[in-house]
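This is protein_35.tsv (TSV, C-alpha atoms and all ligand atoms).
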chain	number	residue	atom	x	y	z
A	669	MET	CA	118.45	-2.29	146.55
A	670	SER	CA	118.24	-0.60	149.93
A	671	ILE	CA	116.43	2.70	150.55
A	672	ALA	CA	119.81	4.44	150.89
A	673	GLU	CA	120.99	3.01	147.57
A	674	ASN	CA	117.77	4.10	145.88
A	675	ILE	CA	118.17	7.65	147.21
A	676	SER	CA	121.71	7.83	145.92
A	677	LYS	CA	120.70	6.42	142.53
A	678	PHE	CA	117.98	9.06	142.19
A	679	ASN	CA	120.28	11.88	143.20
A	680	GLN	CA	122.72	10.87	140.48
A	681	GLU	CA	119.94	10.55	137.94
A	682	ILE	CA	118.41	13.97	138.61
A	683	ALA	CA	121.66	15.91	139.00
A	684	PRO	CA	121.90	16.95	135.31
A	685	PHE	CA	118.34	18.31	135.45
A	686	ASN	CA	118.74	20.59	138.45
A	687	ALA	CA	115.66	19.06	140.03
A	688	LYS	CA	114.85	18.14	143.61
A	689	LEU	CA	113.81	14.73	144.87
A	690	ILE	CA	110.79	14.60	147.16
A	691	ALA	CA	110.78	11.13	148.72
A	692	VAL	CA	107.14	10.13	149.16
A	693	SER	CA	106.99	8.16	152.40
A	694	LYS	CA	103.23	7.73	152.84
A	695	THR	CA	102.18	4.47	154.57
A	696	LYS	CA	105.83	3.69	155.40
A	697	PRO	CA	107.09	3.23	158.98
A	698	ASN	CA	109.42	5.72	160.65
A	699	ALA	CA	112.32	3.28	160.38
A	700	ASP	CA	112.14	3.52	156.59
A	701	LEU	CA	112.02	7.33	156.68
A	702	LEU	CA	115.06	7.34	158.96
A	703	GLN	CA	116.99	5.24	156.47
A	704	ALA	CA	116.26	7.87	153.84
A	705	TYR	CA	117.20	10.60	156.31
A	706	GLU	CA	120.50	8.95	157.11
A	707	ALA	CA	121.23	8.76	153.39
A	708	GLY	CA	120.94	12.55	153.35
A	709	GLN	CA	117.33	12.91	152.20
A	710	ARG	CA	115.66	15.94	153.83
A	711	ASP	CA	112.58	16.48	151.62
A	712	LEU	CA	109.81	14.01	152.42
A	713	GLY	CA	106.26	13.94	151.03
A	714	GLU	CA	103.07	12.74	152.70
A	715	ASN	CA	99.45	12.86	151.56
A	716	LYS	CA	97.49	12.47	154.80
A	717	VAL	CA	97.39	15.16	157.47
A	718	GLN	CA	97.26	12.84	160.46
A	719	GLU	CA	100.16	10.72	159.25
A	720	LEU	CA	102.18	13.79	158.31
A	721	THR	CA	101.66	15.37	161.73
A	722	GLN	CA	102.57	12.18	163.59
A	723	LYS	CA	105.75	11.69	161.55
A	724	TYR	CA	106.70	15.33	162.05
A	725	GLU	CA	106.48	14.81	165.82
A	726	ASP	CA	108.45	11.57	165.77
A	727	LEU	CA	111.28	12.41	163.40
A	728	PRO	CA	114.23	14.86	163.20
A	729	LYS	CA	113.21	18.50	163.03
A	730	ASP	CA	115.31	19.43	160.01
A	731	ILE	CA	113.14	17.36	157.67
A	732	ARG	CA	111.28	19.50	155.14
A	733	TRP	CA	107.73	18.15	155.00
A	734	HIS	CA	105.81	18.38	151.74
A	735	MET	CA	102.04	17.97	151.79
A	736	ILE	CA	101.36	16.39	148.40
A	737	GLY	CA	97.81	15.10	148.79
A	738	HIS	CA	94.41	16.67	148.62
A	739	LEU	CA	94.10	18.96	151.63
A	740	GLN	CA	90.80	19.63	153.40
A	741	ARG	CA	90.30	23.11	154.81
A	742	ASN	CA	89.45	21.92	158.29
A	743	LYS	CA	92.80	20.13	158.55
A	744	VAL	CA	95.10	22.96	157.50
A	745	LYS	CA	95.55	24.03	161.13
A	746	TYR	CA	97.36	20.81	162.03
A	747	ILE	CA	100.15	21.23	159.50
A	748	ALA	CA	100.37	25.03	159.39
A	749	PRO	CA	103.01	25.28	162.16
A	750	PHE	CA	105.63	23.25	160.30
A	751	VAL	CA	104.77	22.34	156.69
A	752	HIS	CA	107.48	23.31	154.20
A	753	LEU	CA	105.47	23.30	150.97
A	754	ILE	CA	101.85	22.47	150.13
A	755	HIS	CA	101.73	21.00	146.61
A	756	GLY	CA	98.06	20.46	145.92
A	757	VAL	CA	96.25	23.76	146.41
A	758	ASP	CA	93.29	23.84	144.07
A	759	SER	CA	90.96	26.58	145.28
A	760	LEU	CA	90.91	30.13	146.58
A	761	ARG	CA	88.91	28.97	149.62
A	762	LEU	CA	91.68	26.59	150.58
A	763	LEU	CA	94.28	29.29	150.04
A	764	VAL	CA	92.34	31.69	152.28
A	765	GLU	CA	92.36	29.08	155.06
A	766	ILE	CA	96.09	28.39	154.62
A	767	ASN	CA	96.71	32.13	154.83
A	768	LYS	CA	94.65	32.39	158.03
A	769	GLN	CA	96.50	29.52	159.72
A	770	ALA	CA	99.87	30.81	158.53
A	771	GLU	CA	99.08	34.18	160.08
A	772	LYS	CA	98.12	32.50	163.38
A	773	ASN	CA	101.51	30.81	163.36
A	774	ASP	CA	103.23	34.04	162.43
A	775	ARG	CA	104.75	32.58	159.29
A	776	MET	CA	104.59	32.48	155.54
A	777	ILE	CA	103.49	29.23	153.88
A	778	GLU	CA	104.66	28.44	150.37
A	779	CYS	CA	102.18	26.71	148.08
A	780	LEU	CA	101.95	25.22	144.61
A	781	LEU	CA	98.72	25.46	142.68
A	782	GLN	CA	97.57	22.12	141.33
A	783	ILE	CA	96.64	22.17	137.68
A	784	TYR	CA	94.36	19.62	136.09
A	785	ILE	CA	96.24	18.13	133.16
A	786	ALA	CA	95.10	14.50	133.04
A	787	LYS	CA	92.34	13.11	130.86
A	788	GLU	CA	90.77	11.47	133.90
A	789	GLU	CA	87.71	12.30	135.93
A	790	SER	CA	89.15	11.64	139.35
A	791	LYS	CA	92.00	14.11	139.51
A	792	PHE	CA	91.87	17.41	141.37
A	793	GLY	CA	93.10	20.71	140.07
A	794	LEU	CA	92.41	24.02	138.39
A	795	ASP	CA	92.19	24.58	134.67
A	796	GLU	CA	94.00	27.45	132.99
A	797	ALA	CA	91.09	29.89	133.20
A	798	GLU	CA	90.48	29.12	136.87
A	799	LEU	CA	94.17	29.58	137.60
A	800	LYS	CA	94.21	33.01	135.99
A	801	ASP	CA	90.98	34.05	137.72
A	802	LEU	CA	92.41	33.05	141.07
A	803	LEU	CA	95.68	34.90	140.58
A	804	GLU	CA	93.91	38.04	139.42
A	805	SER	CA	91.22	38.09	142.10
A	806	GLU	CA	91.05	40.79	144.76
A	807	ALA	CA	90.72	38.20	147.48
A	808	PHE	CA	94.03	36.67	146.44
A	809	ALA	CA	95.73	40.05	146.56
A	810	GLU	CA	94.84	40.35	150.25
A	811	LEU	CA	96.57	37.14	151.36
A	812	ASN	CA	99.80	38.21	152.99
A	813	HIS	CA	100.90	34.98	154.60
A	814	ILE	CA	101.06	32.69	151.60
A	815	LYS	CA	103.26	32.65	148.56
A	816	ILE	CA	102.66	30.80	145.30
A	817	VAL	CA	106.01	29.39	144.23
A	818	GLY	CA	104.93	27.25	141.32
A	819	LEU	CA	102.59	24.66	139.88
A	820	MET	CA	101.95	20.97	140.43
A	821	GLY	CA	100.32	18.42	138.16
A	822	MET	CA	99.67	14.72	137.73
A	823	ALA	CA	99.64	13.13	134.31
A	824	THR	CA	97.14	10.52	133.16
A	825	ASN	CA	97.88	7.05	134.48
A	826	THR	CA	98.68	5.40	131.14
A	827	GLU	CA	101.39	3.45	129.37
A	828	ASN	CA	101.18	5.91	126.51
A	829	GLU	CA	104.31	8.00	126.81
A	830	LYS	CA	103.12	10.54	124.26
A	831	VAL	CA	100.02	11.36	126.27
A	832	ILE	CA	102.07	11.85	129.44
A	833	ARG	CA	104.69	13.96	127.67
A	834	ASN	CA	102.05	16.21	126.15
A	835	GLU	CA	100.40	16.79	129.50
A	836	PHE	CA	103.69	17.69	131.19
A	837	ARG	CA	104.57	19.95	128.27
A	838	GLU	CA	101.23	21.72	128.60
A	839	LEU	CA	101.89	22.33	132.28
A	840	LYS	CA	105.39	23.64	131.61
A	841	THR	CA	104.02	26.04	129.00
A	842	LEU	CA	101.44	27.34	131.46
A	843	PHE	CA	104.16	27.69	134.09
A	844	GLU	CA	106.26	29.80	131.72
A	845	THR	CA	103.27	31.94	130.75
A	846	ILE	CA	102.42	32.77	134.35
A	847	LYS	CA	106.07	33.39	135.11
A	848	LYS	CA	106.23	35.93	132.30
A	849	GLU	CA	102.85	37.61	132.74
A	850	ASN	CA	102.17	37.66	136.46
A	851	ASN	CA	103.84	40.41	138.44
A	852	SER	CA	102.17	39.96	141.82
A	853	ASP	CA	104.67	39.91	144.69
A	854	LYS	CA	102.80	36.86	145.99
A	855	VAL	CA	103.71	34.84	142.93
A	856	GLU	CA	107.18	33.59	142.14
A	857	MET	CA	107.17	30.80	139.60
A	858	LYS	CA	110.21	28.71	140.46
A	859	GLU	CA	108.98	25.19	141.15
A	860	LEU	CA	107.26	22.80	138.79
A	861	SER	CA	106.24	19.68	140.71
A	862	MET	CA	105.62	16.87	138.25
A	863	GLY	CA	106.67	13.25	137.87
A	864	MET	CA	106.29	10.18	140.07
A	865	THR	CA	107.71	6.63	139.95
A	866	GLY	CA	106.08	5.75	136.64
A	867	ASP	CA	106.73	8.96	134.74
A	868	TYR	CA	109.51	10.96	136.42
A	869	LYS	CA	111.95	10.47	133.52
A	870	ILE	CA	109.55	12.12	131.10
A	871	ALA	CA	108.79	14.83	133.66
A	872	LEU	CA	112.48	15.69	134.03
A	873	GLU	CA	112.87	15.92	130.28
A	874	GLU	CA	109.90	18.27	130.18
A	875	GLY	CA	111.24	20.63	132.82
A	876	SER	CA	110.19	19.33	136.23
A	877	THR	CA	112.02	20.88	139.19
A	878	MET	CA	110.53	18.54	141.80
A	879	ILE	CA	109.81	14.86	141.30
A	880	ARG	CA	107.65	13.11	143.90
A	881	VAL	CA	108.85	9.52	144.07
A	882	GLY	CA	107.50	6.90	146.46
A	883	SER	CA	107.52	3.26	145.42
A	884	ALA	CA	110.79	3.41	143.47
A	885	ILE	CA	112.51	4.43	146.73
A	886	PHE	CA	110.58	2.73	149.52
A	887	GLY	CA	109.08	-0.23	147.65
A	888	SER	CA	105.44	-0.80	146.84
A	889	ARG	CA	102.78	0.22	149.34
A	890	ASN	CA	100.33	-2.11	151.05
A	891	TYR	CA	96.93	-0.60	151.64
A	892	HIS	CA	94.58	-2.37	154.00
B	1	LIG	C1	101.72	8.70	146.21
B	1	LIG	C2	102.00	9.93	145.43
B	1	LIG	C3	103.19	10.07	144.69
B	1	LIG	C4	104.25	8.99	144.59
B	1	LIG	O1	103.77	7.89	143.91
B	1	LIG	P1	104.75	6.71	143.41
B	1	LIG	O2	104.08	6.18	142.19
B	1	LIG	O3	104.81	5.71	144.52
B	1	LIG	O4	106.07	7.30	143.12
B	1	LIG	C5	103.40	11.27	144.02
B	1	LIG	N1	102.50	12.28	144.05
B	1	LIG	C6	101.34	12.18	144.74
B	1	LIG	C7	100.40	13.32	144.72
B	1	LIG	C8	101.05	11.01	145.44
B	1	LIG	O5	99.89	10.92	146.11

Produce structure tokens that represent the structure in this file.
Amino acid sequence: MSIAENISKFNQEIAPFNAKLIAVSKTKPNADLLQAYEAGQRDLGENKVQELTQKYEDLPKDIRWHMIGHLQRNKVKYIAPFVHLIHGVDSLRLLVEINKQAEKNDRMIECLLQIYIAKEESKFGLDEAELKDLLESEAFAELNHIKIVGLMGMATNTENEKVIRNEFRELKTLFETIKKENNSDKVEMKELSMGMTGDYKIALEEGSTMIRVGSAIFGSRNYH
């Protein structure tokens, strides 16, 4: 199937769930991104700052760029002028830097806090206690150029559907708890970014509002 056909298939599939498709275009050439664009796709996800910045410069300006990868503080300045949503924020220090760069660009940057849900060593993210500490800290209260609009998580890379479902369910529960308990004007829990090519169906069933899908749209990636 073509990229355009894949986009249309996904849009049909997610329609009943009221979720958004983030097409993850990392490593793919601009021609592929343009095919998605011409099929109506406006939300694209990248995980490397340099690649994201280059593609932003080369491609139509009404694309909404999602930074989905691990973000280093010294690179925030490159994406601050244009990034639509930063999915993987996992520390107050990073949030402080995003706030500083957002202020320099005279804008507000929306962020998702990444929560550690997988039973794997290598994944980034906050645990529940760290999340609550961050949201209740005085330093957080002073950040006037960022807004937390939800949570993001990655499930364990496993064939075991039960494990994945439990992790997504845990994240959804935490999302609902924060939504109910937190009344900071900097926090508005509306997006739950979970699900990729291998597990997006389970994620949708468990309440995802944003699935980040790469290979099922653009084909598998070749890393060199
Ligand atoms: C690459 C990536 C995806 C998409 O992965 P696929 O398995 O190709 O759908 C989603 N989320 C993050 C954080 C990624 O880095």

Checklist line | Contacts of range 713-715 of chain A at 9 Å (only C-alpha atoms; same-chain gap of 5+ positions) as a PyMOL selection string | finding: chain A and resi 690-695+720+732-739+880-882

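Rounded to one decimal, CA of Ile675 in chain A and CA of Met822 in chain A lie 22.0 Å from each other.
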
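Nearest to ligand LIG 1 (chain B) of all the residues A:Arg833, A:His755, A:Lys815, A:Lys745 is A:His755, based on only C-alpha atoms and all ligand atoms.
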
Per residue of range 784-845 of chain A within 8 Å of range 764-773 of chain A, which atom pair is closest and at what distance in Å (one decimal), using all atoms listed in the file, listed by chain and increasing number, as a Markdown table?
| residue | atom | partner | partner_atom | distance |
| --- | --- | --- | --- | --- |
| A:Phe808 | CA | A:Val764 | CA | 7.9 |
| A:Leu811 | CA | A:Asn767 | CA | 6.1 |
| A:Asn812 | CA | A:Asn767 | CA | 7.1 |
| A:His813 | CA | A:Asn767 | CA | 5.1 |
| A:Ile814 | CA | A:Asn767 | CA | 5.4 |

Selection export as a compact mmCIF listing (two decimals), in the coordinates of the input, atoms kept: C-alpha atoms:
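Writing done, so here's result-v9.txt:
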# COMPACT_ATOMS: atom_id res chain seq x y z
CA PHE A 808 94.03 36.67 146.44
CA LEU A 811 96.57 37.14 151.36
CA ASN A 812 99.80 38.21 152.99
CA HIS A 813 100.90 34.98 154.60
CA ILE A 814 101.06 32.69 151.60

The distance between CA of Ala797 in chain A and CA of Glu849 in chain A is 14.1 Å

Worksheet entry | Nearest to Val757 in chain A by atom-to-atom distance, counting only C-alpha atoms, from A:Leu819, A:Leu702, A:Leu712, A:Ile785 |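 Closest to Val757 in chain A of all the choices is A:Leu819.
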
Closest of A:Asn686, A:Gln740, A:Ser876, A:Ser883 to Phe843 in chain A, counting all atoms listed in the file, is A:Ser876

Surrounding residues of Asn834 in chain A excluding itself and chain neighbours under 5 positions, 12 Å, all atoms listed in the file, as a ChimeraX atom specification: /A:785-787,822-824,828-829,839-841,870-871,873-874

- Item | Atom pair CA of Tyr746 in chain A / atom N1 of ligand LIG 1 (chain B): separation (Å) |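 Taking CA of Tyr746 in chain A and atom N1 of ligand LIG 1 (chain B), their separation equals 20.6 Å.
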
(request) For a cut-off of 8 Å around (97.9, 32.5, 138.6), file coordinates, pick out all residues using only C-alpha atoms and list them as a list in words. (result)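 I get Leu799, Lys800, Asp801, Leu802, Leu803, Glu804, Ile846, Asn850 and Val855 of chain A for the residues within 8 Å of that point.
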
Just checking: using only C-alpha atoms and all ligand atoms, which residue out of A:Ile832, A:Ile754, A:Leu727, A:Leu872 ends up closest to ligand LIG 1 (chain B)?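 For ligand LIG 1 (chain B), the nearest of the given residues is A:Ile754.
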